[in-house]
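Okay, final.cif is below, mmCIF, C-alpha atoms:
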```
data_run
#
loop_
_atom_site.label_atom_id
_atom_site.label_comp_id
_atom_site.auth_asym_id
_atom_site.auth_seq_id
_atom_site.Cartn_x
_atom_site.Cartn_y
_atom_site.Cartn_z
CA MET A 1 101.80 78.84 5.74
CA ALA A 2 101.82 81.09 2.66
CA GLN A 3 105.55 80.43 2.38
CA ARG A 4 104.94 76.69 2.63
CA ILE A 5 102.31 76.82 -0.11
CA ARG A 6 104.56 78.88 -2.41
CA LEU A 7 107.40 76.42 -1.91
CA ALA A 8 105.12 73.41 -2.48
CA LYS A 9 103.89 75.00 -5.72
CA ARG A 10 107.48 75.47 -6.89
CA VAL A 11 108.35 71.83 -6.12
CA VAL A 12 105.26 70.62 -8.03
CA ALA A 13 106.07 72.86 -11.01
CA GLU A 14 109.64 71.49 -11.14
CA SER A 15 108.32 67.91 -10.96
CA ASP A 16 105.86 68.59 -13.81
CA ARG A 17 108.64 70.15 -15.92
CA LEU A 18 110.82 67.05 -15.48
CA ALA A 19 107.87 64.73 -16.24
CA LYS A 20 107.29 66.66 -19.48
CA ALA A 21 110.98 66.26 -20.37
CA LEU A 22 110.66 62.52 -19.80
CA SER A 23 107.49 62.31 -21.86
CA ASP A 24 109.24 64.15 -24.73
CA ARG A 25 112.20 61.74 -24.57
CA PHE A 26 109.91 58.71 -24.59
CA ASN A 27 107.91 60.02 -27.55
CA ARG A 28 110.98 60.97 -29.59
CA ALA A 29 112.33 57.46 -29.06
CA GLY A 30 108.95 55.89 -29.91
CA VAL A 31 109.06 53.68 -26.83
CA PHE A 32 105.85 52.75 -24.99
CA VAL A 33 106.16 53.41 -21.25
CA ALA A 34 103.94 51.91 -18.53
CA ASN A 35 104.16 52.95 -14.86
CA LEU A 36 103.16 50.10 -12.49
CA MET A 37 101.86 50.85 -8.99
CA SER A 38 100.62 48.64 -6.18
CA SER A 39 100.76 47.77 -2.50
CA PRO A 40 103.93 45.99 -1.42
CA GLY A 41 103.82 42.38 -2.54
CA ALA A 42 100.86 42.59 -4.92
CA GLY A 43 103.01 41.05 -7.65
CA LYS A 44 104.41 43.77 -9.91
CA THR A 45 107.80 42.07 -10.25
CA THR A 46 106.27 38.64 -10.82
CA LEU A 47 104.01 40.13 -13.52
CA LEU A 48 107.03 41.65 -15.26
CA GLU A 49 108.99 38.37 -15.03
CA GLU A 50 106.06 36.61 -16.72
CA THR A 51 105.74 39.41 -19.28
CA ALA A 52 109.45 39.17 -20.17
CA ARG A 53 109.18 35.41 -20.71
CA ARG A 54 106.12 35.73 -22.94
CA LEU A 55 107.26 38.68 -25.05
CA GLN A 56 110.88 37.60 -25.47
CA GLY A 57 111.85 37.76 -29.14
CA GLU A 58 108.66 39.68 -30.02
CA LEU A 59 109.21 43.06 -28.37
CA ARG A 60 112.36 44.73 -27.01
CA LEU A 61 111.68 45.33 -23.32
CA ALA A 62 113.46 46.99 -20.42
CA ALA A 63 112.50 48.02 -16.89
CA ILE A 64 113.24 50.56 -14.22
CA GLU A 65 112.90 49.19 -10.70
CA GLY A 66 112.00 51.46 -7.80
CA ASP A 67 112.64 50.26 -4.25
CA LEU A 68 113.51 51.82 -0.92
CA ALA A 69 116.42 49.42 -0.58
CA THR A 70 118.10 46.33 -2.12
CA ASP A 71 118.41 45.29 -5.78
CA ARG A 72 116.46 42.06 -5.27
CA ASP A 73 113.75 42.88 -7.80
CA ALA A 74 116.21 44.08 -10.45
CA ARG A 75 118.12 40.80 -10.12
CA ARG A 76 114.87 38.84 -10.50
CA LEU A 77 113.98 40.73 -13.68
CA ARG A 78 117.45 40.32 -15.19
CA ALA A 79 117.26 36.60 -14.45
CA ALA A 80 113.98 36.59 -16.44
CA GLY A 81 115.80 38.21 -19.38
CA LEU A 82 114.61 41.78 -18.77
CA PRO A 83 117.36 44.46 -18.84
CA CYS A 84 116.81 46.59 -15.77
CA ARG A 85 117.99 49.71 -13.93
CA GLN A 86 117.50 49.71 -10.17
CA ILE A 87 116.65 52.96 -8.41
CA ASN A 88 116.99 52.90 -4.62
CA THR A 89 115.02 55.75 -3.13
CA GLY A 90 116.77 55.41 0.24
CA GLY A 91 113.45 55.59 2.06
CA GLY A 92 111.59 57.74 -0.48
CA CYS A 93 107.98 56.63 -0.90
CA HIS A 94 107.68 56.99 -4.70
CA LEU A 95 109.81 57.38 -7.81
CA SER A 96 110.39 60.95 -8.94
CA ALA A 97 110.74 62.22 -12.50
CA ARG A 98 114.28 63.34 -11.57
CA GLN A 99 115.26 59.78 -10.56
CA VAL A 100 113.78 58.29 -13.75
CA LEU A 101 115.53 60.94 -15.90
CA ASP A 102 118.85 59.97 -14.29
CA ALA A 103 118.11 56.27 -14.81
CA VAL A 104 117.33 56.62 -18.55
CA ARG A 105 120.15 59.09 -19.29
CA ASP A 106 122.47 56.48 -20.82
CA LEU A 107 119.76 54.06 -21.98
CA ASP A 108 119.26 53.71 -25.75
CA LEU A 109 115.48 54.25 -25.63
CA GLY A 110 115.30 54.14 -29.44
CA ALA A 111 116.36 50.48 -29.26
CA LEU A 112 113.35 49.63 -27.05
CA ASP A 113 109.69 48.93 -27.78
CA VAL A 114 108.43 48.92 -24.18
CA LEU A 115 109.83 50.36 -20.95
CA PHE A 116 108.18 49.30 -17.69
CA ILE A 117 108.61 51.51 -14.65
CA GLU A 118 107.98 49.49 -11.49
CA ASN A 119 107.22 52.08 -8.85
CA VAL A 120 107.87 51.76 -5.10
CA GLY A 121 105.35 49.41 -3.45
CA ASN A 122 102.89 51.97 -2.11
CA LEU A 123 99.25 52.42 -3.08
CA VAL A 124 99.21 56.09 -2.06
CA CYS A 125 102.13 58.36 -2.97
CA PRO A 126 103.21 57.15 -6.46
CA ALA A 127 99.77 58.10 -7.81
CA GLU A 128 100.58 61.78 -7.28
CA PHE A 129 103.73 61.81 -9.44
CA ASP A 130 103.75 61.85 -13.23
CA LEU A 131 106.84 60.09 -14.66
CA GLY A 132 106.10 60.94 -18.29
CA GLU A 133 104.53 57.51 -18.81
CA HIS A 134 101.92 56.73 -21.50
CA ARG A 135 99.87 54.41 -19.30
CA ARG A 136 99.40 53.76 -15.60
CA VAL A 137 98.73 50.27 -14.33
CA VAL A 138 97.47 49.53 -10.82
CA VAL A 139 98.12 45.98 -9.65
CA SER A 140 95.77 44.64 -6.95
CA SER A 141 95.90 41.19 -5.40
CA THR A 142 93.10 39.15 -3.89
CA PRO A 143 94.60 38.71 -0.37
CA GLU A 144 94.57 42.52 0.07
CA GLY A 145 90.78 42.47 0.13
CA ASP A 146 88.16 43.60 -2.35
CA ASP A 147 87.65 47.10 -0.89
CA LYS A 148 91.01 48.62 -1.84
CA PRO A 149 89.60 50.65 -4.77
CA VAL A 150 87.35 52.67 -2.45
CA LYS A 151 89.92 52.92 0.35
CA TYR A 152 92.76 54.04 -1.96
CA PRO A 153 90.77 55.82 -4.68
CA ILE A 154 93.49 58.14 -6.02
CA ALA A 155 95.62 55.37 -7.54
CA PHE A 156 92.58 53.84 -9.23
CA HIS A 157 91.28 57.20 -10.35
CA HIS A 158 94.46 57.83 -12.39
CA ALA A 159 94.85 54.28 -13.74
CA ASP A 160 94.53 53.21 -17.38
CA CYS A 161 94.28 49.53 -16.48
CA VAL A 162 93.81 47.47 -13.33
CA VAL A 163 95.41 44.06 -12.96
CA LEU A 164 93.89 41.86 -10.27
CA ASN A 165 96.59 39.31 -9.45
CA LYS A 166 96.54 36.10 -7.34
CA ILE A 167 93.11 34.88 -8.45
CA ASP A 168 94.45 31.40 -7.60
CA LEU A 169 93.99 32.43 -3.94
CA LEU A 170 90.31 33.39 -4.38
CA ALA A 171 88.98 30.29 -2.62
CA ALA A 172 91.41 30.75 0.30
CA THR A 173 90.37 34.36 0.98
CA ASP A 174 87.15 36.30 1.61
CA PHE A 175 87.69 38.32 -1.58
CA SER A 176 84.52 38.96 -3.61
CA LEU A 177 85.19 39.43 -7.33
CA GLU A 178 81.75 40.94 -7.72
CA ALA A 179 82.37 43.53 -4.98
CA TYR A 180 85.83 44.40 -6.36
CA ARG A 181 84.47 44.94 -9.87
CA ARG A 182 81.63 47.06 -8.46
CA PHE A 183 84.06 49.22 -6.45
CA VAL A 184 86.32 49.78 -9.48
CA ARG A 185 83.36 50.52 -11.80
CA GLY A 186 81.98 52.95 -9.21
CA LEU A 187 85.13 55.04 -9.58
CA ARG A 188 85.86 54.43 -13.26
CA PRO A 189 83.06 52.76 -15.22
CA ARG A 190 85.16 51.80 -18.26
CA LEU A 191 88.53 50.97 -16.67
CA PRO A 192 89.80 47.58 -17.94
CA ILE A 193 90.13 44.98 -15.15
CA LEU A 194 92.44 42.08 -16.01
CA GLU A 195 91.96 39.21 -13.57
CA LEU A 196 94.90 36.82 -13.57
CA SER A 197 97.32 34.68 -11.64
CA CYS A 198 101.02 35.02 -12.31
CA ARG A 199 101.46 31.80 -10.35
CA THR A 200 99.22 29.58 -12.51
CA GLY A 201 99.39 31.68 -15.69
CA GLU A 202 95.58 31.96 -15.86
CA GLY A 203 94.53 35.24 -17.49
CA VAL A 204 98.08 36.45 -18.14
CA GLU A 205 97.62 36.36 -21.93
CA ALA A 206 94.97 39.12 -21.70
CA TRP A 207 97.55 41.32 -19.97
CA ILE A 208 100.13 40.54 -22.66
CA ASP A 209 97.55 41.52 -25.29
CA TRP A 210 96.83 44.77 -23.44
CA VAL A 211 100.56 45.60 -23.55
CA ARG A 212 100.70 44.80 -27.28
CA VAL A 213 97.64 46.92 -28.11
CA GLN A 214 98.71 49.92 -26.00
CA ARG A 215 102.21 49.78 -27.42
CA ARG A 216 100.88 49.79 -30.99
CA ALA A 217 98.53 52.70 -30.21
CA VAL A 218 101.38 54.77 -28.76
CA ALA A 219 103.86 53.81 -31.50
CA GLY A 220 101.32 54.84 -34.16
CA LYS A 221 100.80 58.17 -32.45
CA THR A 222 104.46 59.01 -31.87
CA ALA A 223 105.40 57.91 -35.41
CA SER A 224 102.82 60.21 -36.99
CA ALA A 225 103.73 63.11 -34.66
CA MET B 1 117.31 74.61 -1.51
CA ALA B 2 118.44 76.14 1.81
CA GLN B 3 114.95 77.62 2.13
CA ARG B 4 113.41 74.22 1.47
CA ILE B 5 115.59 72.59 4.15
CA ARG B 6 114.80 75.32 6.69
CA LEU B 7 111.10 74.90 6.06
CA ALA B 8 111.32 71.08 6.26
CA LYS B 9 113.12 71.40 9.60
CA ARG B 10 110.36 73.64 10.90
CA VAL B 11 107.65 71.20 9.80
CA VAL B 12 109.49 68.30 11.50
CA ALA B 13 109.96 70.31 14.70
CA GLU B 14 106.24 71.15 14.76
CA SER B 15 105.35 67.50 14.22
CA ASP B 16 107.68 66.41 17.06
CA ARG B 17 106.17 69.03 19.37
CA LEU B 18 102.65 67.73 18.70
CA ALA B 19 103.79 64.11 19.16
CA LYS B 20 105.26 65.09 22.55
CA ALA B 21 101.94 66.71 23.50
CA LEU B 22 100.14 63.47 22.56
CA SER B 23 102.62 61.35 24.51
CA ASP B 24 102.08 63.56 27.57
CA ARG B 25 98.30 63.23 27.26
CA PHE B 26 98.53 59.44 26.92
CA ASN B 27 100.83 59.16 29.95
CA ARG B 28 98.73 61.44 32.13
CA ALA B 29 95.69 59.32 31.31
CA GLY B 30 97.61 56.09 31.91
CA VAL B 31 96.39 54.60 28.62
CA PHE B 32 98.60 52.24 26.63
CA VAL B 33 98.82 53.31 22.98
CA ALA B 34 99.93 51.11 20.07
CA ASN B 35 100.42 52.44 16.53
CA LEU B 36 99.75 49.76 13.88
CA MET B 37 101.35 49.99 10.44
CA SER B 38 101.25 47.73 7.39
CA SER B 39 100.77 47.46 3.66
CA PRO B 40 97.17 47.85 2.50
CA GLY B 41 95.25 44.68 3.25
CA ALA B 42 97.76 42.97 5.56
CA GLY B 43 95.02 42.64 8.16
CA LYS B 44 95.30 45.45 10.72
CA THR B 45 91.52 45.88 11.00
CA THR B 46 90.90 42.13 11.20
CA LEU B 47 93.52 41.85 13.95
CA LEU B 48 91.77 44.63 15.91
CA GLU B 49 88.34 43.01 15.43
CA GLU B 50 89.76 39.78 16.85
CA THR B 51 91.49 41.69 19.69
CA ALA B 52 88.26 43.44 20.63
CA ARG B 53 86.37 40.12 20.79
CA ARG B 54 89.03 38.48 22.97
CA LEU B 55 89.65 41.36 25.39
CA GLN B 56 86.02 42.44 25.78
CA GLY B 57 85.20 42.75 29.50
CA GLU B 58 88.88 42.50 30.46
CA LEU B 59 90.35 45.75 29.15
CA ARG B 60 88.69 48.99 28.06
CA LEU B 61 89.68 49.46 24.42
CA ALA B 62 89.21 52.10 21.74
CA ALA B 63 90.69 52.76 18.30
CA ILE B 64 91.55 55.55 15.91
CA GLU B 65 91.19 54.55 12.28
CA GLY B 66 93.29 56.21 9.58
CA ASP B 67 92.19 55.91 5.95
CA LEU B 68 92.43 57.98 2.82
CA ALA B 69 88.69 57.64 2.32
CA THR B 70 85.54 55.87 3.60
CA ASP B 71 84.61 54.83 7.16
CA ARG B 72 84.46 51.12 6.27
CA ASP B 73 87.10 50.07 8.81
CA ALA B 74 85.62 52.16 11.63
CA ARG B 75 82.24 50.55 11.02
CA ARG B 76 83.84 47.08 11.12
CA LEU B 77 85.54 47.87 14.45
CA ARG B 78 82.36 49.29 16.00
CA ALA B 79 80.50 46.17 14.92
CA ALA B 80 83.16 44.16 16.81
CA GLY B 81 82.45 46.23 19.93
CA LEU B 82 85.42 48.59 19.64
CA PRO B 83 84.61 52.32 20.03
CA CYS B 84 86.34 54.08 17.17
CA ARG B 85 87.14 57.48 15.69
CA GLN B 86 87.66 57.59 11.92
CA ILE B 87 90.22 59.97 10.46
CA ASN B 88 90.01 60.46 6.70
CA THR B 89 93.28 61.88 5.44
CA GLY B 90 91.74 62.90 2.11
CA GLY B 91 94.64 61.37 0.22
CA GLY B 92 97.31 61.88 2.91
CA CYS B 93 99.70 58.92 3.11
CA HIS B 94 100.02 58.69 6.91
CA LEU B 95 98.37 59.89 10.11
CA SER B 96 99.83 63.07 11.58
CA ALA B 97 100.12 63.97 15.27
CA ARG B 98 97.83 66.93 14.54
CA GLN B 99 95.08 64.64 13.23
CA VAL B 100 95.39 62.29 16.21
CA LEU B 101 95.32 65.23 18.66
CA ASP B 102 92.08 66.42 17.04
CA ALA B 103 90.64 62.89 17.19
CA VAL B 104 91.36 62.40 20.92
CA ARG B 105 90.36 65.93 21.96
CA ASP B 106 86.96 64.92 23.32
CA LEU B 107 87.84 61.31 24.16
CA ASP B 108 87.94 60.38 27.85
CA LEU B 109 91.38 58.75 27.67
CA GLY B 110 91.37 58.18 31.44
CA ALA B 111 88.48 55.75 30.96
CA LEU B 112 90.56 53.60 28.58
CA ASP B 113 93.21 50.91 29.14
CA VAL B 114 94.36 50.57 25.53
CA LEU B 115 94.08 52.83 22.49
CA PHE B 116 94.97 51.36 19.11
CA ILE B 117 95.92 53.71 16.30
CA GLU B 118 95.43 52.01 12.96
CA ASN B 119 97.58 53.99 10.56
CA VAL B 120 96.97 54.43 6.81
CA GLY B 121 97.83 51.26 4.87
CA ASN B 122 101.32 52.16 3.72
CA LEU B 123 104.57 50.41 4.62
CA VAL B 124 106.65 53.54 3.96
CA CYS B 125 105.46 56.93 5.18
CA PRO B 126 103.79 56.19 8.56
CA ALA B 127 107.15 54.94 9.90
CA GLU B 128 108.52 58.48 9.73
CA PHE B 129 105.85 60.05 11.98
CA ASP B 130 105.73 59.74 15.76
CA LEU B 131 102.15 59.84 17.09
CA GLY B 132 103.12 59.79 20.76
CA GLU B 133 102.52 56.02 20.91
CA HIS B 134 104.18 53.69 23.43
CA ARG B 135 104.69 50.87 20.98
CA ARG B 136 104.81 50.41 17.22
CA VAL B 137 103.49 47.27 15.59
CA VAL B 138 104.22 46.30 11.99
CA VAL B 139 101.76 43.83 10.49
CA SER B 140 103.05 41.69 7.61
CA SER B 141 101.08 39.04 5.74
CA THR B 142 102.34 35.96 3.96
CA PRO B 143 100.95 36.75 0.47
CA GLU B 144 103.10 39.92 0.39
CA GLY B 145 106.24 37.78 0.21
CA ASP B 146 108.98 37.04 2.73
CA ASP B 147 111.37 39.78 1.60
CA LYS B 148 109.38 42.82 2.77
CA PRO B 149 111.60 43.45 5.86
CA VAL B 150 114.65 44.09 3.67
CA LYS B 151 112.73 45.98 1.00
CA TYR B 152 110.91 48.26 3.48
CA PRO B 153 113.47 48.40 6.30
CA ILE B 154 112.45 51.68 7.92
CA ALA B 155 109.09 50.43 9.23
CA PHE B 156 110.74 47.31 10.69
CA HIS B 157 113.64 49.29 12.08
CA HIS B 158 111.29 51.36 14.28
CA ALA B 159 108.95 48.50 15.28
CA ASP B 160 108.52 47.08 18.79
CA CYS B 161 106.71 44.00 17.53
CA VAL B 162 106.06 42.32 14.19
CA VAL B 163 102.85 40.43 13.53
CA LEU B 164 102.99 38.01 10.60
CA ASN B 165 99.36 37.47 9.61
CA LYS B 166 97.70 34.99 7.20
CA ILE B 167 99.86 31.99 8.09
CA ASP B 168 96.84 29.92 6.97
CA LEU B 169 97.91 30.87 3.41
CA LEU B 170 101.49 29.60 3.81
CA ALA B 171 100.94 26.47 1.75
CA ALA B 172 99.25 28.45 -1.03
CA THR B 173 102.12 30.94 -1.42
CA ASP B 174 105.90 30.83 -1.95
CA PHE B 175 106.48 32.48 1.43
CA SER B 176 109.39 31.07 3.44
CA LEU B 177 108.99 31.47 7.21
CA GLU B 178 112.69 30.79 7.65
CA ALA B 179 113.67 33.54 5.17
CA TYR B 180 111.23 36.03 6.73
CA ARG B 181 112.58 35.41 10.25
CA ARG B 182 116.14 35.73 8.95
CA PHE B 183 115.34 39.05 7.24
CA VAL B 184 113.70 40.47 10.38
CA ARG B 185 116.51 39.23 12.65
CA GLY B 186 119.09 40.71 10.26
CA LEU B 187 117.60 44.14 10.92
CA ARG B 188 116.54 43.72 14.55
CA PRO B 189 117.90 40.60 16.28
CA ARG B 190 115.52 40.68 19.26
CA LEU B 191 112.32 41.99 17.69
CA PRO B 192 109.34 39.77 18.67
CA ILE B 193 107.71 38.06 15.67
CA LEU B 194 104.14 36.85 16.29
CA GLU B 195 103.03 34.44 13.58
CA LEU B 196 99.28 34.07 13.42
CA SER B 197 96.13 33.82 11.37
CA CYS B 198 93.20 36.09 12.17
CA ARG B 199 91.14 33.83 9.93
CA THR B 200 91.71 30.55 11.80
CA GLY B 201 92.62 32.09 15.17
CA GLU B 202 95.97 30.22 15.26
CA GLY B 203 98.59 32.18 17.18
CA VAL B 204 96.27 35.09 18.04
CA GLU B 205 96.50 34.41 21.78
CA ALA B 206 100.24 35.24 21.75
CA TRP B 207 99.35 38.65 20.32
CA ILE B 208 96.70 39.19 23.00
CA ASP B 209 99.33 38.32 25.62
CA TRP B 210 101.77 40.78 24.07
CA VAL B 211 99.12 43.52 24.38
CA ARG B 212 98.45 42.58 28.02
CA VAL B 213 102.16 42.57 28.93
CA GLN B 214 102.98 45.85 27.16
CA ARG B 215 99.94 47.53 28.67
CA ARG B 216 100.95 46.47 32.19
CA ALA B 217 104.54 47.65 31.60
CA VAL B 218 103.34 51.07 30.45
CA ALA B 219 100.65 51.37 33.16
CA GLY B 220 103.30 50.59 35.82
CA LYS B 221 105.61 53.23 34.41
CA THR B 222 103.03 56.00 34.03
CA ALA B 223 101.52 55.28 37.48
CA SER B 224 104.91 55.67 39.18
CA ALA B 225 105.83 58.80 37.20
#
```

For this file, write the structure as structure tokens.
Amino acid sequence: MAQRIRLAKRVVAESDRLAKALSDRFNRAGVFVANLMSSPGAGKTTLLEETARRLQGELRLAAIEGDLATDRDARRLRAAGLPCRQINTGGGCHLSARQVLDAVRDLDLGALDVLFIENVGNLVCPAEFDLGEHRRVVVSSTPEGDDKPVKYPIAFHHADCVVLNKIDLLAATDFSLEAYRRFVRGLRPRLPILELSCRTGEGVEAWIDWVRVQRRAVAGKTASA
Amino acid sequence: MAQRIRLAKRVVAESDRLAKALSDRFNRAGVFVANLMSSPGAGKTTLLEETARRLQGELRLAAIEGDLATDRDARRLRAAGLPCRQINTGGGCHLSARQVLDAVRDLDLGALDVLFIENVGNLVCPAEFDLGEHRRVVVSSTPEGDDKPVKYPIAFHHADCVVLNKIDLLAATDFSLEAYRRFVRGLRPRLPILELSCRTGEGVEAWIDWVRVQRRAVAGKTASA
């Protein structure tokens, strides 16, 4: 047991060292980096497709796509005009700092304004791994049910913003907006909750504004550093 | 690295040993055990509520509920008449054989016909851990999108049955039944796919029949052993 704990500590220390290296690279390049987490199928890729369409010509965007298998999401993002690197974890349940370091090695980060990291669809494990990002975004969706914040508290605890997607399905589900907001506020009283539908476009502009504002805040900080 | 691999092998061997102990206990008691896995919010708990209502008086059922936090699901199952033990993993991304062994220690398994294990909502990690179950069930839901079988192949690869829930939302989503079936068949040509809606009740009877048939098959085998 003691041996297991020592080894686990060494693995965590190595992961933190690599995350710090990533964070340094991102800050030197002045690129704003957001790490997106959610259950499978909550709509991370659809949100990024919509984001690419709306910010095209205004900000220089790119994405890193994490999936167990296939390059389906990367192809969707490229089709939406978003340059993208696919990472296949081969069964791994989250992206690691090592994988992201490898993926950005030959990327010209200085030529980017925003880099999105779309993590593996998993509301548990990705929350434990720092990828050097500036902001963490948790994407929920109404068909998952309104109690996910209390049942998966770690992801929400570390989030800088919560996107609640698929509000077009509110009437077709038993989801209570009031309960969801209460559960999120119970964990994090001031966490922004952006309620939207990528399908209808309702509410998406508030998300785009959040990206703009966060990016400016980070750019101002890294420029003056 | 060699040390890490040796240690990982030891942890896996220990986990397999405990799963074998569970399997022996289940077989001695003659109880049919199904391990349910899905993304968060696909509808495992709702499916079990519905199962309890329909099999009440016919089969003696119980459940083990795995969640990171809260006893919300256990309370829902008890309200539906299903005796239930809650396991809180405290952040852990899957149920372990050790946790299930502790949960069944003072359960009279011989007085049960069927034990459902509802795993942590996670389409990745639970697939790697044997809990001594007779059958594995993967629950999908239409709002997650039709491509989950190819994006999360490990869970489907090890499944004995796939339940596709929330077919009442088909018209409100971009989900293609044909694509979903093709993706599942591409991985596992003969895997049963039960399409249903716990909300409307459509298709649920086929699931109940699946439980009856599997339970009889296992009871016949353990009785003759």

Residues selected by the PyMOL selection byres ((chain A) within 8 of (chain B)), written as a VMD selection string: chain A and resid 4 7 39 to 42 67 to 70 91 to 93 122 to 125 143 to 145 148 150 to 154 169 172

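Nearest to Pro192 of chain B of all the residues B:Glu49, B:Asp24, B:Asp160, B:Glu118 is B:Asp160, counting only C-alpha atoms.
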
Polymer residues at most 9 Å from segment 34-37 of chain A, only C-alpha atoms, same-chain spacing of 2 or more positions, as a ChimeraX atom specification: /A:32,39,44,114-123,126-127,131-140,155,211

Atomic distance atom CA of Ser23 of chain B - atom CA of Val163 of chain B, expressed in Å with one decimal: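 It comes out at 23.6 Å.
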
Between atom CA of Glu58 of chain A and atom CA of Ala219 of chain A - distance in Å to one decimal: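 According to the coordinates, atom CA of Ala219 of chain A and atom CA of Glu58 of chain A are separated by 15.0 Å.
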
Selection near Arg60 of chain B, 12 Å with all atoms listed in the file, sequence-local residues under 6 positions removed, as number ranges by chain: B: 31-32, 51-54, 81-83, 108-116, 212, 215

Polymer residues at most 9 Å from Phe129 of chain B, only C-alpha atoms, same-chain spacing of 6 or more positions, as a PyMOL selection string: chain B and resi 15-16+19+94-97
